[in-house]
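Report on the structure given below.
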Protein chains: 2
Amino acid sequence: MNPGVINGTYSLPPGRALEICHQIEGAILRHRIRPGTKLSEDEVGDTFGVSRTVARTALQALAHGGLVTIERNRGAFVSRPTIREAHEVFEARTLIEPRIARMAAKAMTDEALGRLQRHIDAEHDAFAKGEMGLALSLSGAFHLAIAEIADQKVLTQILHSLVSRSSLIIALYWKRPDTACESHSHHALLDAFLRRDQSAAEEIMNSHIVDLHSGLDLIDRDENEPSLADVFATS
Amino acid sequence: MNPGVINGTYSLPPGRALEICHQIEGAILRHRIRPGTKLSEDEVGDTFGVSRTVARTALQALAHGGLVTIERNRGAFVSRPTIREAHEVFEARTLIEPRIARMAAKAMTDEALGRLQRHIDAEHDAFAKGEMGLALSLSGAFHLAIAEIADQKVLTQILHSLVSRSSLIIALYWKRPDTACESHSHHALLDAFLRRDQSAAEEIMNSHIVDLHSGLDLIDRDENEPSLADVFATS
DNA sequence: TGCGCAATTTTTGTATACGATTTTTCCGTT
DNA sequence: AACGGAAAAATCGTATACAAAAATTGCGCA
């Protein structure tokens with residue numbers, strides 16, 4: 001149920017740091033913390049009642065996943081993917097995820113189908129309650145769940161990072177601010193899985209990612225956080 | 001020229017830690033440190049004349065790249081990829097690298113061609129001198145150089161981790177211990193790039209990775225470091 | 001009033017200290 | 001001699017302290 005365990009079998013930030021990673025990651029994925037937000041070590045440490053040492057470890061782990069950017073002598077910030085990177089992330093997903101969907105269809109079990117169904121239900125629920133952030137993070141978790149069913153640890157870890165960054169990209173560049181990020185694609189995917197139709201799963205996943213990509217507003221424009229002057233400019 | 005900068009634009013381990021990462025990574029990639037070797041924080045710190053704090057940061061960064069595995073309360077070790085993971089890594093490379101080769105062929109410049117040529121020369125050189133470890137690490141660097149030419153940062157970072165782990169996999173599972181890991185594939189690739197032949201580049205890269213994969217001895221067998229008993233077993 | 005420089009404050013980089021866990025060693029018992 | 005357990009050593013997890021760098025503030029001057 002966790003919207004995105006950071007772990008990928010290698011690092012496992014020790015003790016408390018892991019839990020802090022999860023907390024911060026969850027908050028970012030649910031859009032409760034905006035891209036660009038500063039995450040100072042003291043602040044994080046105080047918030048979770050640990051020393052800077054632990055906070056630092058957590059932030060560095062998040063940085064390796066791409067959710068957080070650390071600037072030397074300046075500190076950690078929630079990442080703000082550039083338009084360029086947004087394209088690259090979705091191109092990478094277009095390359096990887098259809099293959100994963102195919103493998104998942106091949107390895108599908110009834111039990112796994114049930115899990116996916118519950119994912120979709122939870123997503124629906126959150127959407128109905130207007131909790132868009134939660135719905136979005138569950139939507140990402142759905143993609144990750146498929147990768148886990150495909151049982152490909154290496155690709156799953158890669159996808160984890162791509163999905164996380166996608167959440168930041170959506171926060172920054174999604175076209176229609178709060179309207180429907182709900183698509184019926186997930187249902188269609190589930191249906192393909194139900195039929196164990198590998199080619200259909202692959203194809204549906206492909207167009208789903210392409211759809212997401214084209215739902216972004218990636219024209220060149222400013223690139224930078226609007227300054228206060230911009231915000232209060234009268235026009 | 002560095003056989004594998006760990007950096008991927010997000011983390012940049014602060015100050016000294018970055019340099020230590022490079023040093024350790026280089027040593028592992030050149031097979032001067034075997035998979036399974038323990039890297040204690042004190043040892044690393046003493047070796048490079050820094051405190052454990054910095055050594056720890058470096059080890060954690062390496063762990064996130066997959067070169068090092070950290071076990072709670074036990075410490076850091078050079079990773080020992082399982083057979084399972086070995087397959088996954090090469091399957092992932094088979095998925096990603098042909099595409100990267102295509103994009104590189106598309107974006108190829110004369111200057112970039114020169115760089116690739118020099119990579120091959122250096123590789124050749126090292127091989128001629130019998131410095132197998134160095135030759136192997138340069139071979140990995142060649143693949144990364146291609147990704148950089150394709151100018152896809154996201155995929156390059158992913159590939160970086162895959163190539164690093166491939167080096168560990170080769171150290172553990174390569175069939176003919178010191179004979180020819182020299183293939184003419186790199187020359188063939190360079191030739192395709194020279195002609196800007198995207199499809200050829202893609203295809204050659206594909207079979208190159210498949211060749212590497214099948215050059216591994218990935219039958220089930222023990223999985224674990226042979227015990228002393230195994231080593232001295234008389235049969 | 002607006003600009004620029006300097007002092008202050010905040011925040012990160014690194015070192016060190018101490019407690020907790022694990023591993024090793026050593027010794028007594030069977 | 002072999003086994004088991006307790007003491008000792010080594011190693012990691014975390015907190016804290018101090019130095020260095022950056023950001024902020026405030027003052028003086030034009």
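Labels used: A, B, ... for chains in the order of the structure tokens, numbers from 1 for residues in each chain, and numbers from 1 for ligands as shown.
For stretch 19-30 of chain C, the set of protein, DNA and RNA residues having any atom at most 8 Å away, when counting only C-alpha atoms (C1' of nucleotides) and skipping those fewer than 2 positions along the same chain, is B:Asn73, B:Arg74, D:DA8, D:DA9, D:DA10, D:DT11, D:DC12, D:DG13.
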Would you mind exporting C-alpha atoms (C1' of nucleotides) of the selected residues as a PDB file, in the first residue's frame?
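This went into selection11.pdb:
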ATOM      1  CA  ASN B  73      24.715  -3.348  11.532  1.00  0.00           C
ATOM      2  CA  ARG B  74      27.095  -5.385   9.405  1.00  0.00           C
TER       3      ARG B  74
ATOM      4  C1'  DA D   8      36.360  -8.875  24.703  1.00  0.00           C
ATOM      5  C1'  DA D   9      36.984  -6.579  20.424  1.00  0.00           C
ATOM      6  C1'  DA D  10      35.493  -4.577  16.346  1.00  0.00           C
ATOM      7  C1'  DT D  11      31.998  -2.163  13.757  1.00  0.00           C
ATOM      8  C1'  DC D  12      27.910   0.250  12.934  1.00  0.00           C
ATOM      9  C1'  DG D  13      23.955   3.797  14.338  1.00  0.00           C
TER      10       DG D  13
END
For chain B, list the residues within 7 Å of chain A, counting only C-alpha atoms, and write the list as a ChimeraX atom specification.
/B:10-11,14,60,63-64,66,69-70,72,88-89,92,152,154-155
So that I can check the secondary structure, give me every residue of stretch 25-205 of chain B assigned alpha helix (DSSP H) by backbone DSSP, as a PyMOL selection string.
chain B and resi 25-29+41-48+52-65+83-107+110-128+132-150+153-173+185-194+198-205
Could the residues in this selection be saved with C-alpha atoms as a short mmCIF file (atom, residue, chain, number, x, y, z; two decimals), in the first residue's frame?
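File produced: out08.cif:
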data_model
loop_
_atom_site.label_atom_id
_atom_site.label_comp_id
_atom_site.auth_asym_id
_atom_site.auth_seq_id
_atom_site.Cartn_x
_atom_site.Cartn_y
_atom_site.Cartn_z
CA GLU B 25 34.20 2.70 -8.20
CA GLY B 26 37.25 2.70 -10.44
CA ALA B 27 38.90 0.01 -8.36
CA ILE B 28 35.83 -2.19 -8.48
CA LEU B 29 35.31 -1.69 -12.20
CA GLU B 41 33.83 2.63 7.23
CA ASP B 42 36.97 2.96 9.31
CA GLU B 43 39.07 1.31 6.64
CA VAL B 44 37.75 3.57 3.90
CA GLY B 45 38.07 6.61 6.10
CA ASP B 46 41.67 5.82 7.05
CA THR B 47 42.60 4.99 3.48
CA PHE B 48 41.48 8.35 2.19
CA ARG B 52 33.83 7.97 9.04
CA THR B 53 31.12 10.50 8.26
CA VAL B 54 32.52 11.09 4.82
CA ALA B 55 33.39 7.46 4.21
CA ARG B 56 29.83 6.56 5.09
CA THR B 57 28.43 9.08 2.64
CA ALA B 58 30.58 7.65 -0.13
CA LEU B 59 29.57 4.09 0.63
CA GLN B 60 25.90 4.99 0.71
CA ALA B 61 26.20 6.70 -2.65
CA LEU B 62 27.86 3.63 -4.11
CA ALA B 63 25.15 1.48 -2.59
CA HIS B 64 22.49 3.48 -4.37
CA GLY B 65 24.26 2.79 -7.63
CA ILE B 83 22.42 -15.23 -11.18
CA ARG B 84 18.87 -14.01 -11.20
CA GLU B 85 20.00 -10.40 -11.08
CA ALA B 86 22.63 -11.05 -13.72
CA HIS B 87 19.91 -12.12 -16.12
CA GLU B 88 17.78 -9.13 -15.24
CA VAL B 89 20.62 -6.69 -15.74
CA PHE B 90 21.43 -7.99 -19.18
CA GLU B 91 17.78 -8.20 -20.15
CA ALA B 92 17.40 -4.57 -19.15
CA ARG B 93 20.45 -3.64 -21.18
CA THR B 94 19.03 -5.53 -24.15
CA LEU B 95 15.93 -3.43 -23.84
CA ILE B 96 17.62 -0.08 -23.40
CA GLU B 97 20.93 -0.03 -25.22
CA PRO B 98 19.81 -0.75 -28.78
CA ARG B 99 17.52 2.23 -28.50
CA ILE B 100 20.34 4.35 -27.13
CA ALA B 101 22.58 3.24 -30.00
CA ARG B 102 19.93 4.34 -32.47
CA MET B 103 19.63 7.74 -30.86
CA ALA B 104 23.38 8.09 -30.74
CA ALA B 105 23.65 7.32 -34.45
CA LYS B 106 21.08 10.02 -35.05
CA ALA B 107 22.89 12.60 -32.95
CA ASP B 110 32.47 14.07 -36.13
CA GLU B 111 33.79 15.20 -32.80
CA ALA B 112 31.88 12.47 -31.00
CA LEU B 113 33.17 9.91 -33.47
CA GLY B 114 36.68 10.96 -32.57
CA ARG B 115 35.96 10.48 -28.92
CA LEU B 116 34.63 6.98 -29.53
CA GLN B 117 37.67 6.14 -31.62
CA ARG B 118 39.96 7.21 -28.81
CA HIS B 119 37.96 5.08 -26.39
CA ILE B 120 38.48 2.06 -28.61
CA ASP B 121 42.17 2.79 -28.97
CA ALA B 122 42.63 3.03 -25.23
CA GLU B 123 40.72 -0.20 -24.78
CA HIS B 124 42.92 -1.88 -27.37
CA ASP B 125 46.02 -0.55 -25.68
CA ALA B 126 45.09 -1.83 -22.27
CA PHE B 127 44.21 -5.18 -23.74
CA ALA B 128 47.55 -5.41 -25.53
CA MET B 132 42.47 -6.87 -18.40
CA GLY B 133 40.77 -5.02 -15.59
CA LEU B 134 41.48 -1.67 -17.17
CA ALA B 135 40.43 -2.93 -20.59
CA LEU B 136 37.14 -4.14 -19.19
CA SER B 137 36.39 -0.88 -17.44
CA LEU B 138 37.14 1.02 -20.62
CA SER B 139 34.81 -1.29 -22.45
CA GLY B 140 32.07 -0.26 -20.06
CA ALA B 141 33.01 3.38 -20.46
CA PHE B 142 32.55 2.97 -24.20
CA HIS B 143 28.91 2.05 -23.72
CA LEU B 144 28.42 5.01 -21.45
CA ALA B 145 30.07 7.33 -23.92
CA ILE B 146 27.53 6.28 -26.50
CA ALA B 147 24.71 7.10 -24.13
CA GLU B 148 26.20 10.50 -23.51
CA ILE B 149 26.37 11.14 -27.22
CA ALA B 150 22.72 10.17 -27.52
CA LYS B 153 20.57 12.06 -19.34
CA VAL B 154 17.86 9.95 -17.81
CA LEU B 155 18.74 6.83 -19.76
CA THR B 156 22.43 7.49 -19.31
CA GLN B 157 22.09 7.44 -15.55
CA ILE B 158 20.13 4.22 -15.69
CA LEU B 159 22.68 2.67 -17.98
CA HIS B 160 25.49 3.77 -15.74
CA SER B 161 24.18 1.63 -12.94
CA LEU B 162 23.54 -1.31 -15.27
CA VAL B 163 27.02 -1.17 -16.76
CA SER B 164 28.63 -0.97 -13.33
CA ARG B 165 26.76 -4.01 -12.17
CA SER B 166 27.67 -5.79 -15.39
CA SER B 167 31.28 -5.48 -14.37
CA LEU B 168 30.54 -7.28 -11.12
CA ILE B 169 28.60 -9.92 -12.99
CA ILE B 170 31.49 -10.51 -15.36
CA ALA B 171 33.89 -10.77 -12.45
CA LEU B 172 31.71 -13.49 -10.97
CA TYR B 173 30.38 -15.37 -13.94
CA SER B 185 31.59 -5.45 -31.83
CA HIS B 186 32.83 -2.07 -30.77
CA HIS B 187 34.52 -1.60 -34.11
CA ALA B 188 31.37 -2.63 -35.91
CA LEU B 189 29.39 -0.16 -33.86
CA LEU B 190 31.80 2.62 -34.62
CA ASP B 191 31.47 1.80 -38.29
CA ALA B 192 27.69 2.02 -38.13
CA PHE B 193 27.98 5.34 -36.35
CA LEU B 194 30.37 6.54 -39.02
CA GLN B 198 20.63 4.06 -37.11
CA SER B 199 19.15 0.66 -37.78
CA ALA B 200 22.55 -0.98 -38.06
CA ALA B 201 23.69 0.63 -34.83
CA GLU B 202 20.57 -0.58 -33.09
CA GLU B 203 20.92 -4.09 -34.42
CA ILE B 204 24.63 -4.42 -33.74
CA MET B 205 24.20 -3.16 -30.21
#
Skipping near chain neighbours, those fewer than 2 positions away, what residues fall within 12 Å of C:DT16 using only C-alpha atoms (C1' of nucleotides), listed as a PyMOL selection string?
(chain B and resi 50-53) or (chain C and resi 14+18) or (chain D and resi 15-18)
Write out as a PDB file with N, CA, C and O atoms, in the first residue's frame all residues of stretch 71-222 of chain B that DSSP puts in strand (DSSP E or B) for this structure's backbone.
ATOM      1  N   GLU B  71      24.533  -3.910   4.589  1.00  0.00           N
ATOM      2  CA  GLU B  71      23.691  -4.727   5.451  1.00  0.00           C
ATOM      3  C   GLU B  71      23.657  -4.103   6.824  1.00  0.00           C
ATOM      4  O   GLU B  71      24.693  -3.740   7.377  1.00  0.00           O
ATOM      5  N   GLY B  75      27.629  -3.704   7.786  1.00  0.00           N
ATOM      6  CA  GLY B  75      28.569  -2.924   6.999  1.00  0.00           C
ATOM      7  C   GLY B  75      28.389  -3.031   5.503  1.00  0.00           C
ATOM      8  O   GLY B  75      27.422  -3.620   5.015  1.00  0.00           O
ATOM      9  N   ALA B  76      29.330  -2.458   4.775  1.00  0.00           N
ATOM     10  CA  ALA B  76      29.245  -2.376   3.313  1.00  0.00           C
ATOM     11  C   ALA B  76      30.147  -3.421   2.673  1.00  0.00           C
ATOM     12  O   ALA B  76      31.262  -3.662   3.144  1.00  0.00           O
ATOM     13  N   PHE B  77      29.644  -4.014   1.608  1.00  0.00           N
ATOM     14  CA  PHE B  77      30.407  -5.004   0.851  1.00  0.00           C
ATOM     15  C   PHE B  77      30.278  -4.702  -0.627  1.00  0.00           C
ATOM     16  O   PHE B  77      29.245  -4.194  -1.068  1.00  0.00           O
ATOM     17  N   VAL B  78      31.301  -5.023  -1.376  1.00  0.00           N
ATOM     18  CA  VAL B  78      31.152  -4.963  -2.823  1.00  0.00           C
ATOM     19  C   VAL B  78      30.066  -5.971  -3.197  1.00  0.00           C
ATOM     20  O   VAL B  78      30.111  -7.118  -2.740  1.00  0.00           O
ATOM     21  N   TRP B 174      32.033 -14.752 -15.634  1.00  0.00           N
ATOM     22  CA  TRP B 174      32.565 -14.832 -16.991  1.00  0.00           C
ATOM     23  C   TRP B 174      33.138 -16.218 -17.244  1.00  0.00           C
ATOM     24  O   TRP B 174      33.853 -16.770 -16.416  1.00  0.00           O
ATOM     25  N   LEU B 216      28.199 -15.531 -20.435  1.00  0.00           N
ATOM     26  CA  LEU B 216      28.253 -15.736 -18.984  1.00  0.00           C
ATOM     27  C   LEU B 216      27.902 -17.173 -18.650  1.00  0.00           C
ATOM     28  O   LEU B 216      27.145 -17.831 -19.354  1.00  0.00           O
TER      29      LEU B 216
END
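Residues in contact range of stretch 4-9 of chain C, defined as at most 12 Å between only C-alpha atoms (C1' of nucleotides), with sequence neighbours fewer than 6 positions away removed, read DA22, DA23, DT24, DT25, DG26, DC27, DG28, DC29 and DA30 of chain D.
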How would the residues just chosen look if you wrote them out with C-alpha atoms (C1' of nucleotides) as a CSV table (one decimal), in the first residue's frame?
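What landed in selection.csv:
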chain,number,residue,atom,x,y,z
D,22,DA,C1',26.0,30.9,2.0
D,23,DA,C1',22.0,33.8,2.8
D,24,DT,C1',20.2,37.6,5.3
D,25,DT,C1',20.0,41.7,7.6
D,26,DG,C1',21.2,46.3,8.6
D,27,DC,C1',23.8,50.2,8.3
D,28,DG,C1',26.2,53.9,6.0
D,29,DC,C1',26.7,56.6,2.0
D,30,DA,C1',25.7,58.8,-2.2
Here atom CA of A:His22 and atom CA of A:Leu39 stand apart by 14.6 Å
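Between B:Asp217 and the residues B:Gly36, B:Ala17, B:His184, B:Lys175, the shortest atom-to-atom distance, using only C-alpha atoms, involves B:Lys175.
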Take atom CA of B:Arg80 and atom CA of B:Arg34 and report the distance between them in Å, one decimal.
9.0 Å
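Atom pair atom CA of A:Leu218 / atom CA of A:Cys21 has a distance of 29.3 Å (rounded to one decimal).
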